[in-house]
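K.L.:
The structure is given below, and queries will be raised subsequently.
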Amino acid sequence: MNAENDAGGAPPAETHEVLNQPEPLEPFHAWRSDLALREAVVREGGGWAGPTLEAYGAAAGGPLFAAGFLAERNPPQFHSHDRYGRRSNLVEYHPAYHELMRAAIEAGLPSLPWTGARAGAHVARAALEYMHNQADSGSGCPLTMTFAAIPALRLQPDVGADWTNRATARAYDGANRPWHEKAGITLGMAMTEKQGGTDVRANTTRARPLAGTGPGALYALTGHKWFCSAPMCDGFMVLGQAPGGLSCFLLPRWHPDGGLNGLYVQRLKNKLGNRSNASSEIELREAAAWMIGPEGRGVPTIIEMVMMTRFDCIVGSASLMRQALAQALHHCMQREISGRRLAEHVLMRNVLADLALESEAALLLAMRIARRLDEAPHDARARQFVRIATAVGKYWVCKRAPAHINEAAECLGGAGYVEESILPRLYREAPVNSTWEGSGNVQCVDVLRALAREPAALEAFLVELAPAAALDRRLAAHVARLQDDLAQADEREHRARELVGRMAVALQAALLLEAGHGALADAFCATRLATGAMVYGELPTGLDCATIVERARPQPG
């Protein structure tokens with residue numbers, strides 16, 4: 001008699017129960033579950049936006065979080081020609097991508113500081129981005145570029161006013177039609193060329209006058225661009241060589257006469273991450289574009305856009321770190337090993353606390369720059385601080401993110417390595433922020449340039465550190481050594497990464513001390529201001545790791 005008959009029925013289909021596996025952190029509330037974010041927004045002057053951030057936090061951790069997975073799994077598709085053989089240059093996105101774009105634009109993510117200019121507007125907008133990027137970073141690319149293009153467009157109101165009004169409208173229109181038929185538009189940028197990369201002055205794209213010359217005039221651009229992100233944007237900020245030198249242009253995807261412009265998408269980039277977003281190589285063949293700003297002053301014209309996109313790289317990296325930390329904490333507070341939850345094991349608590357320190361320090365740095373961006377139009381010291389702190393933060397926070405996310409994924413073991421988890425996507429995404437808009441070396445050299453040309457920028461940076469340095473002797477000693485080393489100009493370039501990293505951790509320590517979080521500030525000063533290994537989980541004994549971990553713990557929404 002077989003086992004089936006002995007048992008009196010069919011054998012069980014399952015071989016075991018699924019035990020000791022955490023429930024997914026889905027959905028969660030990206031605002032309510034993040035105490036550090038809520039406190040930072042209030043502290044930096046954006047508390048008035050609480051209702052907006054509350055609503056977006058629910059979406060970012062709910063329907064938009066789900067849309068992020070769909071957009072990642074269904075990347076954009078390029079169609080060079082239509083079915084009749086006509087050139088179309090069409091990139092088709094999954095509906096989830098359009099859902100992400102629509103939600104962000106209607107919430108004001110690309111427009112809030114430009115349409116609601118009040119104290120804390122940049123802070124509130126950065127918080128929106130911080131939550132949105134935890135759902136999907138690919139859509140964050142065109143959202144960032146649309147946001148960042150506004151200052152450059154405002155330099156040329158005869159051309160830019162109409163574009164600015166549409167770019168700041170809280171209306172999303174992803175249809176393939178001319179910009180002037182849309183209530184709301186998006187903007188991209190295309191500066192990099194194969195032979196130059198970061199050295200945009202080596203660009204070979206030529207700009208030929210079509211109707212008059214100088215600011216606001218229409219030119220024909222011929223050349224190539226090695227990276228053009230979000231090629232379905234309605235217009236692009238580009239650089240080209242005019243007769244008077246490298247100049248900035250606004251290039252519409254549709255020609256001013258209503259037909260397709262001379263912008264030809266050659267292919268989409270097969271990227272490590274940022275997969276929901278399309279990045280392309282393009283050729284420009286007599287493409288019509290308006291000159292923005294003075295002829296020959298392309299870099300100064302577009303530099304404020306670059307500064308804004310660099311700032312968003314900081315926010316983006318901080319947001320990736322927060323989501324990775326949230327996933328690690330959520331897992332370790334449910335999973336049991338040897339009769340105890342993972343988070344209760346001393347060594348794991350050390351790792352989690354260290355990750356939490358890094359995450360909150362990155363957030364605080366981003367939010368302080370956001371506050372100074374709000375103050376910059378009427379405060380010279382704030383402008384100088386933003387000038388240097390953006391490069392410092394772009395270097396350090398973006399450089400720290402990949403290792404941070406790797407460690408967070410390791411907390412989940414094999415579950416953090418499979419694509420059903422969000423951790424692989426976060427890990428693939430992290431390097432883009434350290435590469436885009438100037439790699440680490442570019443940021444460090446930019447800091448050195450500011451030190452040499454704008455001494456007031458360093459002074460503004462040191463002023464930001466002074467109140468906290470008066471509270472903690474470790475920070476005071478760190479700042480004193482840093483000032484001495486920065487004064488040694490002969491070896492500054494060789495030591496640039498070390499120096500800029502020390503500037504970053506000084507600012508992060510100051511902000512943690514200023515916020516009054518004793519356990520976090522003490523742990524940060526005891527580790528980041530000291531020399532030695534920076535592998536996560538090496539916090540010394542005597543620190544209140546339990547308090548740090550509990551503060552960072554997310555709550556399902």
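Identifiers for the structure tokens are assigned positionally: chains receive A, B, ... in sequence, residues are indexed from 1 per chain, and ligands are indexed from 1 in the order shown.
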Excluding Gln195 in chain A and any residue of its chain fewer than 3 positions from it, enumerate the residues within 12 Å of it, using only C-alpha atoms, and give them as a ChimeraX atom specification.
P.N.:
/A:191-192,198-205,223-226
K.L.:
Among range 223-438 of chain A, which residues does DSSP mark as helix (DSSP H, G or I) when it is run on the backbone? Keep the chain and numbering as in the structure and answer as a PyMOL selection string.
P.N.:
chain A and resi 298-332+342-344+346-378+380-411+413-416+423-435
K.L.:
Provide the CA of Arg449 in chain A to CA of Leu462 in chain A distance in Å, to one decimal place.
P.N.:
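Between CA of Arg449 in chain A and CA of Leu462 in chain A the gap works out to 16.8 Å.
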K.L.:
Could you give me the residues within range 221-413 of chain A that DSSP places in strand (DSSP E or B), as a PyMOL selection string?
P.N.:
chain A and resi 221-229+235-242+245-252+254+260+263-268+279-292+336-337+340-341
K.L.:
Which residues, written as a PyMOL selection string, have at least one atom at most 12 Å from Pro455 in chain A, with only C-alpha atoms counted and residues fewer than 6 positions away on the same chain left out?
P.N.:
chain A and resi 381+384-385+387-388+447-449+461-462+486-487
K.L.:
Store the residues of this selection in a file with all heavy atoms, as a JSON list (two decimals), in the first residue's frame.
P.N.:
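part.json written:
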[["chain", "number", "residue", "atom", "x", "y", "z"],
["A", 381, "ARG", "N", 26.06, 85.87, 1.55],
["A", 381, "ARG", "CA", 26.75, 84.78, 2.23],
["A", 381, "ARG", "C", 26.09, 83.44, 1.91],
["A", 381, "ARG", "O", 26.78, 82.42, 1.74],
["A", 381, "ARG", "CB", 26.77, 85.01, 3.74],
["A", 381, "ARG", "CG", 27.46, 83.89, 4.52],
["A", 381, "ARG", "CD", 27.67, 84.27, 5.96],
["A", 381, "ARG", "NE", 28.76, 85.26, 6.08],
["A", 381, "ARG", "CZ", 29.02, 85.93, 7.20],
["A", 381, "ARG", "NH1", 28.26, 85.76, 8.26],
["A", 381, "ARG", "NH2", 30.02, 86.78, 7.24],
["A", 384, "GLN", "N", 27.33, 82.34, -1.45],
["A", 384, "GLN", "CA", 28.69, 81.82, -1.40],
["A", 384, "GLN", "C", 28.72, 80.43, -0.78],
["A", 384, "GLN", "O", 29.45, 79.54, -1.23],
["A", 384, "GLN", "CB", 29.58, 82.77, -0.60],
["A", 384, "GLN", "CG", 29.78, 84.13, -1.24],
["A", 384, "GLN", "CD", 30.66, 84.06, -2.48],
["A", 384, "GLN", "OE1", 31.23, 83.03, -2.80],
["A", 384, "GLN", "NE2", 30.76, 85.17, -3.20],
["A", 385, "PHE", "N", 27.91, 80.22, 0.24],
["A", 385, "PHE", "CA", 27.85, 78.89, 0.86],
["A", 385, "PHE", "C", 27.34, 77.86, -0.14],
["A", 385, "PHE", "O", 27.91, 76.76, -0.26],
["A", 385, "PHE", "CB", 26.95, 78.92, 2.09],
["A", 385, "PHE", "CG", 26.70, 77.55, 2.67],
["A", 385, "PHE", "CD1", 27.67, 76.92, 3.44],
["A", 385, "PHE", "CD2", 25.51, 76.88, 2.43],
["A", 385, "PHE", "CE1", 27.45, 75.65, 3.96],
["A", 385, "PHE", "CE2", 25.28, 75.61, 2.95],
["A", 385, "PHE", "CZ", 26.25, 75.00, 3.72],
["A", 387, "ARG", "N", 27.52, 77.94, -3.28],
["A", 387, "ARG", "CA", 28.55, 77.75, -4.32],
["A", 387, "ARG", "C", 29.52, 76.64, -3.95],
["A", 387, "ARG", "O", 29.82, 75.77, -4.77],
["A", 387, "ARG", "CB", 29.31, 79.07, -4.52],
["A", 387, "ARG", "CG", 30.62, 78.98, -5.30],
["A", 387, "ARG", "CD", 30.38, 78.72, -6.77],
["A", 387, "ARG", "NE", 31.63, 78.61, -7.50],
["A", 387, "ARG", "CZ", 32.31, 77.46, -7.66],
["A", 387, "ARG", "NH1", 31.85, 76.35, -7.14],
["A", 387, "ARG", "NH2", 33.44, 77.45, -8.34],
["A", 388, "ILE", "N", 29.98, 76.62, -2.72],
["A", 388, "ILE", "CA", 31.00, 75.65, -2.34],
["A", 388, "ILE", "C", 30.39, 74.38, -1.75],
["A", 388, "ILE", "O", 30.86, 73.27, -2.00],
["A", 388, "ILE", "CB", 32.03, 76.29, -1.36],
["A", 388, "ILE", "CG1", 33.32, 75.46, -1.34],
["A", 388, "ILE", "CG2", 31.46, 76.46, 0.03],
["A", 388, "ILE", "CD1", 34.48, 76.18, -0.67],
["A", 447, "VAL", "N", 35.85, 72.76, -6.13],
["A", 447, "VAL", "CA", 36.04, 73.32, -4.79],
["A", 447, "VAL", "C", 37.36, 74.08, -4.72],
["A", 447, "VAL", "O", 37.42, 75.20, -4.20],
["A", 447, "VAL", "CB", 35.99, 72.21, -3.72],
["A", 447, "VAL", "CG1", 36.39, 72.76, -2.35],
["A", 447, "VAL", "CG2", 34.60, 71.60, -3.65],
["A", 448, "LEU", "N", 38.42, 73.49, -5.26],
["A", 448, "LEU", "CA", 39.72, 74.18, -5.25],
["A", 448, "LEU", "C", 39.65, 75.50, -6.02],
["A", 448, "LEU", "O", 40.24, 76.50, -5.62],
["A", 448, "LEU", "CB", 40.80, 73.28, -5.86],
["A", 448, "LEU", "CG", 41.10, 71.96, -5.13],
["A", 448, "LEU", "CD1", 42.30, 71.28, -5.78],
["A", 448, "LEU", "CD2", 41.34, 72.19, -3.65],
["A", 449, "ARG", "N", 38.92, 75.47, -7.13],
["A", 449, "ARG", "CA", 38.77, 76.69, -7.93],
["A", 449, "ARG", "C", 38.06, 77.77, -7.12],
["A", 449, "ARG", "O", 38.43, 78.95, -7.16],
["A", 449, "ARG", "CB", 38.00, 76.37, -9.21],
["A", 449, "ARG", "CG", 37.94, 77.52, -10.19],
["A", 449, "ARG", "CD", 37.17, 77.13, -11.44],
["A", 449, "ARG", "NE", 37.82, 76.06, -12.17],
["A", 449, "ARG", "CZ", 37.32, 74.84, -12.32],
["A", 449, "ARG", "NH1", 36.15, 74.52, -11.78],
["A", 449, "ARG", "NH2", 37.99, 73.93, -13.00],
["A", 461, "PHE", "N", 31.44, 79.05, 4.26],
["A", 461, "PHE", "CA", 31.40, 77.65, 4.68],
["A", 461, "PHE", "C", 31.82, 77.52, 6.14],
["A", 461, "PHE", "O", 31.18, 76.81, 6.93],
["A", 461, "PHE", "CB", 32.30, 76.82, 3.77],
["A", 461, "PHE", "CG", 32.18, 75.34, 3.98],
["A", 461, "PHE", "CD1", 31.21, 74.61, 3.30],
["A", 461, "PHE", "CD2", 33.03, 74.66, 4.84],
["A", 461, "PHE", "CE1", 31.09, 73.22, 3.48],
["A", 461, "PHE", "CE2", 32.92, 73.28, 5.03],
["A", 461, "PHE", "CZ", 31.95, 72.57, 4.34],
["A", 462, "LEU", "N", 32.89, 78.20, 6.51],
["A", 462, "LEU", "CA", 33.39, 78.12, 7.89],
["A", 462, "LEU", "C", 32.43, 78.77, 8.87],
["A", 462, "LEU", "O", 32.27, 78.29, 10.00],
["A", 462, "LEU", "CB", 34.77, 78.78, 7.97],
["A", 462, "LEU", "CG", 35.89, 78.08, 7.19],
["A", 462, "LEU", "CD1", 37.16, 78.90, 7.20],
["A", 462, "LEU", "CD2", 36.15, 76.68, 7.76],
["A", 486, "LEU", "N", 43.92, 73.40, 4.29],
["A", 486, "LEU", "CA", 43.41, 74.11, 3.11],
["A", 486, "LEU", "C", 44.31, 75.29, 2.74],
["A", 486, "LEU", "O", 44.35, 75.70, 1.58],
["A", 486, "LEU", "CB", 41.98, 74.61, 3.37],
["A", 486, "LEU", "CG", 40.89, 73.54, 3.38],
["A", 486, "LEU", "CD1", 39.57, 74.14, 3.86],
["A", 486, "LEU", "CD2", 40.71, 72.93, 2.00],
["A", 487, "ALA", "N", 45.02, 75.83, 3.70],
["A", 487, "ALA", "CA", 45.91, 76.96, 3.44],
["A", 487, "ALA", "C", 47.18, 76.53, 2.71],
["A", 487, "ALA", "O", 47.89, 77.38, 2.17],
["A", 487, "ALA", "CB", 46.26, 77.65, 4.76]]
K.L.:
For a test of reading the model, state the distance in Å between CA of Leu210 in chain A and CA of Leu90 in chain A, rounded to one decimal.
P.N.:
26.8 Å
K.L.:
Grab the CA of Val42 in chain A to CA of Leu100 in chain A distance for me, in Å with one decimal place.
P.N.:
26.0 Å
K.L.:
Would you mind telling me which residue in A:His94, A:Cys411, A:Met308, A:Cys141 lies nearest to Met348 in chain A when using only C-alpha atoms?
P.N.:
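That would be A:Cys411, the residue with the smallest distance to Met348 in chain A.
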K.L.:
Output as a tab-separated table one row per residue of range 111-166 of chain A within 9 Å of range 255-274 of chain A: the closest atom pair and its distance in Å to one decimal place, counting only C-alpha atoms, sorted by chain and residue number ascending.
P.N.:
residue	atom	partner	partner_atom	distance
A:Asp136	CA	A:Asn274	CA	8.6
A:Ser137	CA	A:Asn274	CA	6.5
A:Gly138	CA	A:Asn274	CA	4.7
A:Ser139	CA	A:Asn274	CA	8.5
A:Cys141	CA	A:Asn274	CA	8.6
K.L.:
Can you pull out every residue within 7 Å of range 539-546 of chain A, counting only C-alpha atoms, but drop anything in the same chain fewer than 4 positions away, and send it as a ChimeraX atom specification?
P.N.:
/A:349-350,353-354,519,523,527,550
K.L.:
At a cut-off of 12 Å, using only C-alpha atoms, what residues contact Ala389 in chain A? Leave out same-chain residues fewer than 6 positions from it and give the result as a PyMOL selection string.
P.N.:
chain A and resi 307+310-311+314+365-370+372-373+381-383+395-397+443-444+446-447+450-451+457-462+464-465+500-501+503-508
K.L.:
Considering only C-alpha atoms, give me a table of residues in range 280-333 of chain A that are at most 12 Å from range 27-40 of chain A, with the closest atom pair and distance in Å for each, as JSON lines.
P.N.:
{"residue": "A:Val315", "atom": "CA", "partner": "A:Leu37", "partner_atom": "CA", "distance": 11.7}
{"residue": "A:Ala318", "atom": "CA", "partner": "A:Leu37", "partner_atom": "CA", "distance": 10.8}
{"residue": "A:Ser319", "atom": "CA", "partner": "A:Leu37", "partner_atom": "CA", "distance": 10.1}
{"residue": "A:Arg322", "atom": "CA", "partner": "A:Asp34", "partner_atom": "CA", "distance": 8.8}
{"residue": "A:Gln323", "atom": "CA", "partner": "A:Ala30", "partner_atom": "CA", "distance": 9.1}
{"residue": "A:Leu325", "atom": "CA", "partner": "A:Asp34", "partner_atom": "CA", "distance": 11.0}
{"residue": "A:Ala326", "atom": "CA", "partner": "A:Asp34", "partner_atom": "CA", "distance": 9.0}
{"residue": "A:Gln327", "atom": "CA", "partner": "A:Phe28", "partner_atom": "CA", "distance": 10.7}
{"residue": "A:His330", "atom": "CA", "partner": "A:Phe28", "partner_atom": "CA", "distance": 10.8}
K.L.:
Excluding Ala477 in chain A and any residue of its chain fewer than 6 positions from it, enumerate the residues within 12 Å of it, using only C-alpha atoms, and give them as a list in words.
P.N.:
Leu465, Ala466, Ala468, Ala469, Ala470, Leu471, Gln483, Asp484, Ala506, Cys525, Leu529 and Ala530 of chain A
K.L.:
Please produce a file of the residues just selected, as a PDB file, in the first residue's frame, where the atoms kept are N, CA and C atoms.
P.N.:
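Final output, saved to again-v5.pdb:
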ATOM      1  N   LEU A 465      29.931  76.386  10.060  1.00  0.00           N
ATOM      2  CA  LEU A 465      30.414  75.397  11.015  1.00  0.00           C
ATOM      3  C   LEU A 465      30.608  75.965  12.418  1.00  0.00           C
ATOM      4  N   ALA A 466      30.780  77.267  12.532  1.00  0.00           N
ATOM      5  CA  ALA A 466      31.241  77.882  13.781  1.00  0.00           C
ATOM      6  C   ALA A 466      30.341  77.610  14.988  1.00  0.00           C
ATOM      7  N   ALA A 468      28.333  75.167  15.798  1.00  0.00           N
ATOM      8  CA  ALA A 468      28.441  73.786  16.272  1.00  0.00           C
ATOM      9  C   ALA A 468      29.847  73.482  16.780  1.00  0.00           C
ATOM     10  N   ALA A 469      30.861  74.058  16.147  1.00  0.00           N
ATOM     11  CA  ALA A 469      32.237  73.828  16.599  1.00  0.00           C
ATOM     12  C   ALA A 469      32.438  74.343  18.015  1.00  0.00           C
ATOM     13  N   ALA A 470      31.689  75.363  18.380  1.00  0.00           N
ATOM     14  CA  ALA A 470      31.779  75.882  19.744  1.00  0.00           C
ATOM     15  C   ALA A 470      31.155  74.924  20.756  1.00  0.00           C
ATOM     16  N   LEU A 471      30.375  73.960  20.277  1.00  0.00           N
ATOM     17  CA  LEU A 471      29.693  73.014  21.166  1.00  0.00           C
ATOM     18  C   LEU A 471      30.460  71.720  21.368  1.00  0.00           C
ATOM     19  N   GLN A 483      41.380  73.892   8.294  1.00  0.00           N
ATOM     20  CA  GLN A 483      41.772  75.234   7.846  1.00  0.00           C
ATOM     21  C   GLN A 483      43.263  75.300   7.567  1.00  0.00           C
ATOM     22  N   ASP A 484      44.049  74.695   8.423  1.00  0.00           N
ATOM     23  CA  ASP A 484      45.503  74.704   8.218  1.00  0.00           C
ATOM     24  C   ASP A 484      45.866  73.987   6.917  1.00  0.00           C
ATOM     25  N   ALA A 506      32.719  67.550   8.225  1.00  0.00           N
ATOM     26  CA  ALA A 506      32.647  68.666   9.173  1.00  0.00           C
ATOM     27  C   ALA A 506      31.269  69.305   9.130  1.00  0.00           C
ATOM     28  N   CYS A 525      30.589  62.190  15.420  1.00  0.00           N
ATOM     29  CA  CYS A 525      31.865  62.839  15.737  1.00  0.00           C
ATOM     30  C   CYS A 525      32.912  61.824  16.176  1.00  0.00           C
ATOM     31  N   LEU A 529      34.843  62.008  12.267  1.00  0.00           N
ATOM     32  CA  LEU A 529      35.879  63.026  12.453  1.00  0.00           C
ATOM     33  C   LEU A 529      37.216  62.408  12.825  1.00  0.00           C
ATOM     34  N   ALA A 530      37.231  61.101  13.084  1.00  0.00           N
ATOM     35  CA  ALA A 530      38.477  60.411  13.409  1.00  0.00           C
ATOM     36  C   ALA A 530      39.031  59.756  12.153  1.00  0.00           C
TER      37      ALA A 530
END
